[in-house]
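Below is the file entry02.pdb, which contains PDB, C-alpha atoms and all ligand atoms.
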```
ATOM      1  CA  MET A   1      86.265 123.802 112.922
ATOM      2  CA  ILE A   2      82.915 122.036 112.998
ATOM      3  CA  THR A   3      80.118 124.610 113.292
ATOM      4  CA  SER A   4      77.044 122.395 113.713
ATOM      5  CA  CYS A   5      76.461 119.023 115.372
ATOM      6  CA  PRO A   6      76.234 116.311 112.674
ATOM      7  CA  VAL A   7      73.554 114.494 114.665
ATOM      8  CA  CYS A   8      71.073 117.270 115.604
ATOM      9  CA  LYS A   9      72.435 120.354 113.732
ATOM     10  CA  LYS A  10      72.561 122.535 116.873
ATOM     11  CA  LYS A  11      75.359 125.077 116.947
ATOM     12  CA  LYS A  12      76.128 125.404 120.687
ATOM     13  CA  PHE A  13      78.266 122.918 122.593
ATOM     14  CA  ALA A  14      79.724 122.561 126.102
ATOM     15  CA  ALA A  15      83.402 121.782 126.756
ATOM     16  CA  LEU A  16      83.963 118.131 127.732
ATOM     17  CA  TYR A  17      87.755 117.628 127.614
ATOM     18  CA  GLU A  18      88.868 121.214 127.247
ATOM     19  CA  GLU A  19      92.604 120.467 126.907
ATOM     20  CA  LEU A  20      91.816 118.384 123.803
ATOM     21  CA  SER A  21      89.177 120.791 122.362
ATOM     22  CA  ILE A  22      86.559 118.038 122.741
ATOM     23  CA  VAL A  23      82.979 119.251 123.210
ATOM     24  CA  LYS A  24      79.574 117.720 123.897
ATOM     25  CA  CYS A  25      76.337 118.766 122.223
ATOM     26  CA  SER A  26      73.088 118.758 124.219
ATOM     27  CA  CYS A  27      71.937 115.761 122.110
ATOM     28  CA  GLY A  28      74.831 113.786 123.656
ATOM     29  CA  HIS A  29      77.152 113.758 120.655
ATOM     30  CA  VAL A  30      80.850 114.298 121.479
ATOM     31  CA  PHE A  31      83.358 115.631 118.972
ATOM     32  CA  TYR A  32      86.640 117.414 118.427
ATOM     33  CA  ASN A  33      85.993 121.109 117.891
ATOM     34  CA  GLY A  34      89.540 122.356 117.306
ATOM     35  CA  PRO A  35      91.135 123.476 114.046
ATOM     36  CA  LEU A  36      90.830 121.044 111.123
ATOM     37  CA  ASP A  37      93.242 121.635 108.304
ATOM     38  CA  ALA A  38      92.418 119.554 105.214
ATOM     39  CA  GLU A  39      96.087 119.167 104.251
ATOM     40  CA  GLU A  40      97.076 118.123 107.764
ATOM     41  CA  ILE A  41      94.275 115.539 107.830
ATOM     42  CA  ARG A  42      95.407 114.112 104.484
ATOM     43  CA  GLU A  43      98.920 113.765 105.874
ATOM     44  CA  ILE A  44      97.640 111.646 108.778
ATOM     45  CA  TYR A  45      96.616 108.953 106.287
ATOM     46  CA  GLY A  46      99.979 108.456 104.601
ATOM     47  CA  LYS A  47     101.755 105.086 104.598
ATOM     48  CA  ASP A  48     102.814 105.492 108.260
ATOM     49  CA  TYR A  49      99.191 105.494 109.390
ATOM     50  CA  PHE A  50      99.086 101.711 108.915
ATOM     51  CA  ASN A  51     102.767 101.218 109.825
ATOM     52  CA  GLY A  52     103.631 102.512 113.261
ATOM     53  CA  GLU A  53     101.107 105.278 113.880
ATOM     54  CA  GLU A  54      97.455 104.292 114.306
ATOM     55  CA  TYR A  55      98.269 100.649 113.502
ATOM     56  CA  ILE A  56     101.587  99.009 114.313
ATOM     57  CA  ASN A  57     101.870  96.939 111.160
ATOM     58  CA  TYR A  58      98.557  96.331 109.456
ATOM     59  CA  VAL A  59      99.775  93.997 106.698
ATOM     60  CA  LEU A  60     101.732  91.718 109.066
ATOM     61  CA  ASP A  61      98.602  91.464 111.190
ATOM     62  CA  LYS A  62      96.470  90.286 108.241
ATOM     63  CA  GLU A  63      95.606  86.855 109.644
ATOM     64  CA  VAL A  64      94.109  88.235 112.848
ATOM     65  CA  ILE A  65      92.417  91.182 111.113
ATOM     66  CA  GLN A  66      90.732  88.754 108.717
ATOM     67  CA  ARG A  67      89.616  86.539 111.596
ATOM     68  CA  ASN A  68      87.712  89.571 112.872
ATOM     69  CA  PHE A  69      86.389  90.440 109.420
ATOM     70  CA  LYS A  70      85.071  86.869 108.980
ATOM     71  CA  GLU A  71      82.901  87.381 112.061
ATOM     72  CA  ARG A  72      81.734  90.763 110.764
ATOM     73  CA  LEU A  73      80.927  89.312 107.347
ATOM     74  CA  LYS A  74      78.861  86.503 108.914
ATOM     75  CA  ARG A  75      76.715  89.140 110.629
ATOM     76  CA  VAL A  76      76.245  91.050 107.327
ATOM     77  CA  ILE A  77      75.213  87.884 105.499
ATOM     78  CA  LYS A  78      72.353  87.336 107.952
ATOM     79  CA  TYR A  79      70.696  90.382 106.368
ATOM     80  CA  SER A  80      72.008  90.357 102.792
ATOM     81  CA  SER A  81      74.024  87.609 101.171
ATOM     82  CA  LYS A  82      74.666  88.602  97.553
ATOM     83  CA  GLY A  83      74.784  91.456  95.072
ATOM     84  CA  GLU A  84      76.853  94.656  95.222
ATOM     85  CA  LEU A  85      78.846  95.580  98.304
ATOM     86  CA  LEU A  86      80.498  98.937  98.959
ATOM     87  CA  GLU A  87      83.101  99.583 101.634
ATOM     88  CA  ILE A  88      84.178 103.089 102.653
ATOM     89  CA  GLY A  89      87.585 103.201 104.325
ATOM     90  CA  SER A  90      88.579  99.800 102.973
ATOM     91  CA  ALA A  91      92.262 100.093 104.042
ATOM     92  CA  TYR A  92      94.353  97.261 102.522
ATOM     93  CA  GLY A  93      91.224  95.446 101.337
ATOM     94  CA  PHE A  94      91.238  92.635 103.896
ATOM     95  CA  PHE A  95      87.460  92.782 104.354
ATOM     96  CA  LEU A  96      86.676  93.063 100.637
ATOM     97  CA  ASP A  97      89.025  90.125 100.006
ATOM     98  CA  LEU A  98      86.648  87.962 102.090
ATOM     99  CA  ALA A  99      83.428  89.634 100.930
ATOM    100  CA  LYS A 100      84.238  89.046  97.232
ATOM    101  CA  GLU A 101      83.394  85.348  97.713
ATOM    102  CA  SER A 102      79.733  86.380  98.080
ATOM    103  CA  PHE A 103      79.471  89.889  96.551
ATOM    104  CA  ASN A 104      80.715  92.090  93.732
ATOM    105  CA  THR A 105      82.798  94.535  95.726
ATOM    106  CA  THR A 106      83.871  98.177  95.462
ATOM    107  CA  GLY A 107      86.059 100.062  97.929
ATOM    108  CA  PHE A 108      86.944 103.673  98.676
ATOM    109  CA  GLU A 109      90.111 104.522 100.570
ATOM    110  CA  ILE A 110      92.229 107.664 100.907
ATOM    111  CA  CYS A 111      95.575 106.031 101.784
ATOM    112  CA  ASP A 112      97.297 105.527  98.430
ATOM    113  CA  ASP A 113      99.674 102.811  99.669
ATOM    114  CA  ALA A 114      96.707 100.776 100.954
ATOM    115  CA  VAL A 115      94.830 101.193  97.641
ATOM    116  CA  GLN A 116      97.868  99.985  95.657
ATOM    117  CA  TYR A 117      98.062  96.878  97.839
ATOM    118  CA  ALA A 118      94.322  96.159  97.549
ATOM    119  CA  ASN A 119      94.260  96.540  93.776
ATOM    120  CA  ASN A 120      97.620  95.000  92.854
ATOM    121  CA  LYS A 121      98.066  92.265  95.462
ATOM    122  CA  LEU A 122      94.449  91.323  96.176
ATOM    123  CA  ASN A 123      93.035  92.140  92.746
ATOM    124  CA  LEU A 124      90.249  94.295  94.176
ATOM    125  CA  ASN A 125      88.363  97.301  92.831
ATOM    126  CA  VAL A 126      89.288 100.108  95.238
ATOM    127  CA  HIS A 127      89.137 103.802  94.350
ATOM    128  CA  CYS A 128      91.674 106.139  95.880
ATOM    129  CA  GLY A 129      89.999 109.352  96.931
ATOM    130  CA  ASP A 130      87.335 111.107  98.923
ATOM    131  CA  PHE A 131      84.030 109.211  98.705
ATOM    132  CA  LEU A 132      82.117 112.511  98.889
ATOM    133  CA  LYS A 133      83.848 113.838  95.773
ATOM    134  CA  GLU A 134      83.628 110.670  93.666
ATOM    135  CA  GLU A 135      80.815 109.789  91.350
ATOM    136  CA  VAL A 136      78.993 106.850  92.939
ATOM    137  CA  ASN A 137      76.182 104.718  91.467
ATOM    138  CA  GLN A 138      72.718 105.626  92.810
ATOM    139  CA  ASP A 139      70.188 103.006  94.041
ATOM    140  CA  PHE A 140      72.807 100.388  93.195
ATOM    141  CA  TYR A 141      74.377  98.754  96.255
ATOM    142  CA  ASP A 142      72.871  96.006  98.414
ATOM    143  CA  VAL A 143      75.304  96.496 101.291
ATOM    144  CA  ALA A 144      77.521  99.356 102.474
ATOM    145  CA  CYS A 145      80.126  98.935 105.230
ATOM    146  CA  MET A 146      82.074 101.469 107.277
ATOM    147  CA  TYR A 147      84.323  99.642 109.716
ATOM    148  CA  ASP A 148      86.208 101.839 112.202
ATOM    149  CA  CYS A 149      85.891 104.723 109.777
ATOM    150  CA  ILE A 150      83.088 107.124 110.784
ATOM    151  CA  GLU A 151      85.073 108.519 113.757
ATOM    152  CA  HIS A 152      87.677 109.848 111.301
ATOM    153  CA  LEU A 153      85.299 111.837 109.098
ATOM    154  CA  VAL A 154      84.905 115.617 109.389
ATOM    155  CA  ASN A 155      81.271 115.487 108.233
ATOM    156  CA  PRO A 156      79.894 111.972 108.822
ATOM    157  CA  GLU A 157      76.334 113.130 108.080
ATOM    158  CA  ASP A 158      77.292 113.802 104.442
ATOM    159  CA  PHE A 159      78.659 110.267 104.154
ATOM    160  CA  VAL A 160      75.517 108.717 105.628
ATOM    161  CA  GLU A 161      73.371 110.772 103.256
ATOM    162  CA  LYS A 162      75.446 109.797 100.209
ATOM    163  CA  ILE A 163      75.517 106.137 101.241
ATOM    164  CA  ASN A 164      71.728 106.230 101.558
ATOM    165  CA  ALA A 165      71.464 107.507  97.977
ATOM    166  CA  SER A 166      73.876 104.841  96.710
ATOM    167  CA  LEU A 167      71.969 101.941  98.331
ATOM    168  CA  LYS A 168      68.939 100.237  96.851
ATOM    169  CA  LYS A 169      65.752 100.517  98.909
ATOM    170  CA  GLY A 170      66.087  97.830 101.585
ATOM    171  CA  GLY A 171      69.898  97.941 101.336
ATOM    172  CA  ILE A 172      71.983  97.359 104.457
ATOM    173  CA  LEU A 173      74.448  99.737 106.124
ATOM    174  CA  VAL A 174      76.886  98.407 108.736
ATOM    175  CA  ILE A 175      78.907 100.780 110.916
ATOM    176  CA  THR A 176      81.408 100.037 113.690
ATOM    177  CA  THR A 177      82.987 102.677 115.924
ATOM    178  CA  GLY A 178      83.795 103.313 119.586
ATOM    179  CA  ASP A 179      80.859 104.021 121.943
ATOM    180  CA  ILE A 180      81.806 106.828 124.323
ATOM    181  CA  ASN A 181      78.905 106.041 126.625
ATOM    182  CA  ARG A 182      80.196 102.634 127.738
ATOM    183  CA  PHE A 183      81.930 101.634 130.984
ATOM    184  CA  ILE A 184      85.597 101.942 129.935
ATOM    185  CA  PRO A 185      85.323 105.417 128.302
ATOM    186  CA  ARG A 186      83.300 106.641 131.294
ATOM    187  CA  ILE A 187      86.030 105.687 133.765
ATOM    188  CA  ARG A 188      89.012 106.494 131.510
ATOM    189  CA  LYS A 189      87.562 109.872 130.394
ATOM    190  CA  SER A 190      90.050 111.767 128.200
ATOM    191  CA  LYS A 191      92.529 108.851 128.564
ATOM    192  CA  TRP A 192      90.229 106.373 126.772
ATOM    193  CA  ARG A 193      92.358 104.662 124.122
ATOM    194  CA  LEU A 194      90.094 105.851 121.290
ATOM    195  CA  ILE A 195      90.360 109.562 122.169
ATOM    196  CA  HIS A 196      92.927 110.960 119.781
ATOM    197  CA  PRO A 197      91.952 114.030 117.842
ATOM    198  CA  PRO A 198      92.302 115.075 115.100
ATOM    199  CA  SER A 199      92.580 111.492 113.755
ATOM    200  CA  HIS A 200      89.402 110.598 115.663
ATOM    201  CA  ILE A 201      87.021 113.552 115.329
ATOM    202  CA  HIS A 202      83.606 112.099 116.279
ATOM    203  CA  TYR A 203      82.783 110.044 119.369
ATOM    204  CA  PHE A 204      79.376 108.442 118.945
ATOM    205  CA  SER A 205      77.227 106.499 121.383
ATOM    206  CA  LYS A 206      74.418 104.028 120.682
ATOM    207  CA  LYS A 207      71.915 106.894 121.008
ATOM    208  CA  THR A 208      73.681 109.447 118.778
ATOM    209  CA  LEU A 209      74.671 106.949 116.073
ATOM    210  CA  CYS A 210      71.110 105.612 115.860
ATOM    211  CA  MET A 211      69.767 109.198 115.776
ATOM    212  CA  LEU A 212      72.093 110.049 112.866
ATOM    213  CA  LEU A 213      71.077 106.940 110.907
ATOM    214  CA  GLU A 214      67.358 107.484 111.492
ATOM    215  CA  ARG A 215      67.656 111.111 110.434
ATOM    216  CA  TYR A 216      69.042 110.038 107.049
ATOM    217  CA  GLY A 217      66.498 107.355 106.248
ATOM    218  CA  PHE A 218      67.706 104.184 107.946
ATOM    219  CA  LYS A 219      65.858 101.790 110.256
ATOM    220  CA  ILE A 220      67.990 100.170 112.975
ATOM    221  CA  LEU A 221      68.049  96.365 112.715
ATOM    222  CA  SER A 222      70.742  95.339 115.184
ATOM    223  CA  VAL A 223      73.055  96.885 117.816
ATOM    224  CA  LYS A 224      75.890  94.727 119.157
ATOM    225  CA  TYR A 225      79.147  95.058 121.101
ATOM    226  CA  PRO A 226      81.187  92.202 119.610
ATOM    227  CA  GLY A 227      84.593  91.165 120.932
ATOM    228  CA  ILE A 228      87.660  90.877 118.700
ATOM    229  CA  TRP A 229      90.765  88.765 118.198
ATOM    230  CA  ARG A 230      94.018  90.577 118.969
ATOM    231  CA  SER A 231      97.442  89.194 118.126
ATOM    232  CA  ASN A 232     100.039  88.766 120.859
ATOM    233  CA  SER A 233     102.559  90.569 118.675
ATOM    234  CA  VAL A 234     100.340  93.678 118.477
ATOM    235  CA  LEU A 235      99.865  93.579 122.235
ATOM    236  CA  LEU A 236     103.640  93.326 122.784
ATOM    237  CA  GLY A 237     104.287  95.972 120.147
ATOM    238  CA  THR A 238     101.872  98.327 121.915
ATOM    239  CA  LEU A 239     103.573  97.713 125.250
ATOM    240  CA  PHE A 240     107.220  97.778 124.179
ATOM    241  CA  GLY A 241     107.380  99.565 120.833
ATOM    242  CA  SER A 242     106.928  98.510 117.258
ATOM    243  CA  ASN A 243     110.361  96.835 116.723
ATOM    244  CA  LEU A 244     109.293  93.860 118.731
ATOM    245  CA  PHE A 245     106.302  93.452 116.480
ATOM    246  CA  THR A 246     108.428  92.613 113.448
ATOM    247  CA  ARG A 247     109.651  89.502 115.287
ATOM    248  CA  ASN A 248     106.072  88.399 114.780
ATOM    249  CA  PHE A 249     105.149  86.637 117.959
ATOM    250  CA  PRO A 250     102.723  83.792 117.300
ATOM    251  CA  GLY A 251      99.224  83.482 118.681
ATOM    252  CA  TYR A 252      96.258  85.661 119.411
ATOM    253  CA  PHE A 253      93.624  86.085 122.073
ATOM    254  CA  TRP A 254      89.962  87.033 122.315
ATOM    255  CA  ILE A 255      88.964  90.207 124.112
ATOM    256  CA  ASN A 256      85.739  92.144 124.528
ATOM    257  CA  THR A 257      86.022  95.650 125.942
ATOM    258  CA  PHE A 258      82.291  96.260 125.239
ATOM    259  CA  ASP A 259      83.050  99.747 123.913
ATOM    260  CA  ILE A 260      83.049  99.001 120.170
ATOM    261  CA  ILE A 261      79.538  99.267 118.766
ATOM    262  CA  GLU A 262      78.291  97.610 115.574
ATOM    263  CA  VAL A 263      75.028  98.994 114.193
ATOM    264  CA  ILE A 264      73.293  97.305 111.281
ATOM    265  CA  SER A 265      70.557  99.367 109.616
ATOM    266  CA  ARG A 266      68.341  99.208 106.537
ATOM    267  CA  LYS A 267      67.492 101.914 104.006
ATOM    268  CA  ILE A 268      63.739 102.529 104.243
TER     269      ILE A 268
HETATM  270 ZN    ZN B 301      73.743 117.424 118.685
END
```

Could I get this file's structure written as structure tokens?
Ligand SMILES: [Zn+2]
Amino acid sequence: MITSCPVCKKKKFAALYEELSIVKCSCGHVFYNGPLDAEEIREIYGKDYFNGEEYINYVLDKEVIQRNFKERLKRVIKYSSKGELLEIGSAYGFFLDLAKESFNTTGFEICDDAVQYANNKLNLNVHCGDFLKEEVNQDFYDVACMYDCIEHLVNPEDFVEKINASLKKGGILVITTGDINRFIPRIRKSKWRLIHPPSHIHYFSKKTLCMLLERYGFKILSVKYPGIWRSNSVLLGTLFGSNLFTRNFPGYFWINTFDIIEVISRKI
């Protein structure tokens, strides 16, 4: 169980969605406050995580995922365009595969199957393991990225602190995650598509994510709610079950739900 709020360190919280053990701190941060078993959490991120559980079939969806990552990379390059780039939660390496055109890249990922793919098929440098336990270069990286990752971490503040130490002064940190303070989560409440503990533990908002970053030595440069490309096959797979997905329907569409936040910050 989490005993103190990662954003403000207070230790008292009010129930928000009681049936899901989700609480809200007085600073506004929302998180899952039920039991967290390290072994159980590790099991979530087995091969099935990217094949039928959180994602329907991540590798088959590569083309669309990379279309989204190209947009994300363009926004990174506005602030930093070369040097060393670190990605935490790099999955199958689809972002690093694009970023390596401009940067020397390093990834950290806990799903072994995804790491094998990234290293063997895409020829990347991805470490399998817990970023907090690994030895990481200090004052070394120009850019660090955490895409759709921070909501999964038990103690995101420790990651932000360690990332700060690993970046050079002036280095850039990019984070994307759901924003629980936006229109859709406000009307959907506990049925919001991104509420699923214990896979998603932390539910940030613009305010709480910026507070966390500022607390650990970052200056906010940009806050955006970008749309994404989704493939028709993923949409159909979500509606009718994953078997249909393997038929690989062609085409994709653009959607913006305005509840995915991207914060770009700089180490000061
Ligand atoms: Zn708090």

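You can rank A:Val30, A:Leu213, A:Val263, A:Val136 by their closest distance to Leu167 (chain A) using only C-alpha atoms, and at the top of that list sits A:Val136.
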
message: Under the PyMOL selection byres (((chain A and resi 23-28) around 7) and not hetatm), which residues of this model are included? Write them out as a PyMOL selection string.
response: chain A and resi 5+8+12-17+21-22+29-33+208

Take the residues just selected and output them with C-alpha atoms as an mmCIF file, in the coordinates of the input.
```
data_model
loop_
_atom_site.group_PDB
_atom_site.id
_atom_site.type_symbol
_atom_site.label_atom_id
_atom_site.label_comp_id
_atom_site.auth_asym_id
_atom_site.auth_seq_id
_atom_site.Cartn_x
_atom_site.Cartn_y
_atom_site.Cartn_z
ATOM 1 C CA CYS A 5 76.461 119.023 115.372
ATOM 2 C CA CYS A 8 71.073 117.270 115.604
ATOM 3 C CA LYS A 12 76.128 125.404 120.687
ATOM 4 C CA PHE A 13 78.266 122.918 122.593
ATOM 5 C CA ALA A 14 79.724 122.561 126.102
ATOM 6 C CA ALA A 15 83.402 121.782 126.756
ATOM 7 C CA LEU A 16 83.963 118.131 127.732
ATOM 8 C CA TYR A 17 87.755 117.628 127.614
ATOM 9 C CA SER A 21 89.177 120.791 122.362
ATOM 10 C CA ILE A 22 86.559 118.038 122.741
ATOM 11 C CA HIS A 29 77.152 113.758 120.655
ATOM 12 C CA VAL A 30 80.850 114.298 121.479
ATOM 13 C CA PHE A 31 83.358 115.631 118.972
ATOM 14 C CA TYR A 32 86.640 117.414 118.427
ATOM 15 C CA ASN A 33 85.993 121.109 117.891
ATOM 16 C CA THR A 208 73.681 109.447 118.778
#
```

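This file, filtered with the PyMOL selection byres (((chain A and resi 230) around 7) and not hetatm), gives the residues A:Val64, A:Ile228, A:Trp229, A:Ser231, A:Asn232, A:Tyr252, A:Phe253, A:Trp254.
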
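Atom pair CA of Thr238 (chain A) / CA of Phe94 (chain A) has a distance of 21.7 Å (rounded to one decimal).
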
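Proximity to Asp259 (chain A) was assessed for A:Asp179, A:Glu101, A:Glu151, A:Glu214 counting all atoms listed in the file; the smallest distance is recorded for A:Asp179.
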
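Proximity to Met1 (chain A) was assessed for A:Asp37, A:Asn123, A:Leu194, A:Pro156 counting all atoms listed in the file; the smallest distance is recorded for A:Asp37.
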
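The gap separating CA of Gly170 (chain A) from CA of Phe69 (chain A) is 23.0 Å, in Å to one decimal.
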
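Minimum atom-to-atom distance to ligand ZN 301 (chain B), evaluated using only C-alpha atoms and all ligand atoms, belongs to A:His202 out of A:Lys47, A:Lys267, A:Lys191, A:His202.
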
What do you get, as a PDB file with C-alpha atoms, in the coordinates of the input, if you spell out every residue that the PyMOL selection byres (((chain A and resi 152) around 8) and not hetatm) selects here?
```pdb
ATOM      1  CA  CYS A 149      85.891 104.723 109.777  1.00  0.00           C
ATOM      2  CA  ILE A 150      83.088 107.124 110.784  1.00  0.00           C
ATOM      3  CA  GLU A 151      85.073 108.519 113.757  1.00  0.00           C
ATOM      4  CA  LEU A 153      85.299 111.837 109.098  1.00  0.00           C
ATOM      5  CA  VAL A 154      84.905 115.617 109.389  1.00  0.00           C
ATOM      6  CA  PRO A 198      92.302 115.075 115.100  1.00  0.00           C
ATOM      7  CA  SER A 199      92.580 111.492 113.755  1.00  0.00           C
ATOM      8  CA  HIS A 200      89.402 110.598 115.663  1.00  0.00           C
ATOM      9  CA  ILE A 201      87.021 113.552 115.329  1.00  0.00           C
ATOM     10  CA  HIS A 202      83.606 112.099 116.279  1.00  0.00           C
TER      11      HIS A 202
END
```

- request: Could you please determine the separation between CA of Leu85 (chain A) and CA of Met211 (chain A) in Å, to one decimal place?
  value: 23.9 Å

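Residues within 7 Å of Ile110 (chain A), counting only C-alpha atoms and excluding same-chain residues fewer than 6 positions away, are Cys128, Gly129 and Asp130 of chain A.
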
field: For Val223 (chain A), the nearest of the candidates A:Ile268, A:Leu73, A:Ile260, A:Ile2, counting only C-alpha atoms
entry: A:Ile260

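When all atoms listed in the file are used to measure the gap to ligand ZN 301 (chain B), the shortest distance among A:Lys189, A:Phe140, A:Ser205, A:Ile220 belongs to A:Ser205.
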
- prompt: Contacts of Cys111 (chain A) at 10 Å or less, counting all atoms listed in the file, minus same-chain residues fewer than 5 places along, as an MDAnalysis selection string?
  reply: chainID A and resid 42:50 89:92 116 128:129

Completed region 130-141 of chain A (N, CA and C atoms) as a compact mmCIF listing (two decimals), in the frame of the given file:
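So part38.txt came out as:
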```
# COMPACT_ATOMS: atom_id res chain seq x y z
N ASP A 130 88.36 110.72 97.96
CA ASP A 130 87.34 111.11 98.92
C ASP A 130 85.97 110.66 98.38
N PHE A 131 85.33 109.76 99.12
CA PHE A 131 84.03 109.21 98.70
C PHE A 131 83.04 110.32 98.37
N LEU A 132 83.09 111.43 99.11
CA LEU A 132 82.12 112.51 98.89
C LEU A 132 82.32 113.19 97.54
N LYS A 133 83.56 113.14 97.03
CA LYS A 133 83.85 113.84 95.77
C LYS A 133 83.72 112.92 94.56
N GLU A 134 83.67 111.63 94.78
CA GLU A 134 83.63 110.67 93.67
C GLU A 134 82.20 110.49 93.16
N GLU A 135 82.12 110.13 91.89
CA GLU A 135 80.82 109.79 91.35
C GLU A 135 80.48 108.36 91.78
N VAL A 136 79.35 108.17 92.41
CA VAL A 136 78.99 106.85 92.94
C VAL A 136 77.62 106.46 92.38
N ASN A 137 77.47 105.19 91.99
CA ASN A 137 76.18 104.72 91.47
C ASN A 137 75.05 104.96 92.46
N GLN A 138 73.89 105.37 91.96
CA GLN A 138 72.72 105.63 92.81
C GLN A 138 71.80 104.39 92.80
N ASP A 139 71.13 104.14 93.92
CA ASP A 139 70.19 103.01 94.04
C ASP A 139 70.80 101.72 93.49
N PHE A 140 72.05 101.46 93.84
CA PHE A 140 72.81 100.39 93.20
C PHE A 140 73.28 99.32 94.17
N TYR A 141 73.74 99.71 95.35
CA TYR A 141 74.38 98.75 96.26
C TYR A 141 73.37 98.05 97.16
```
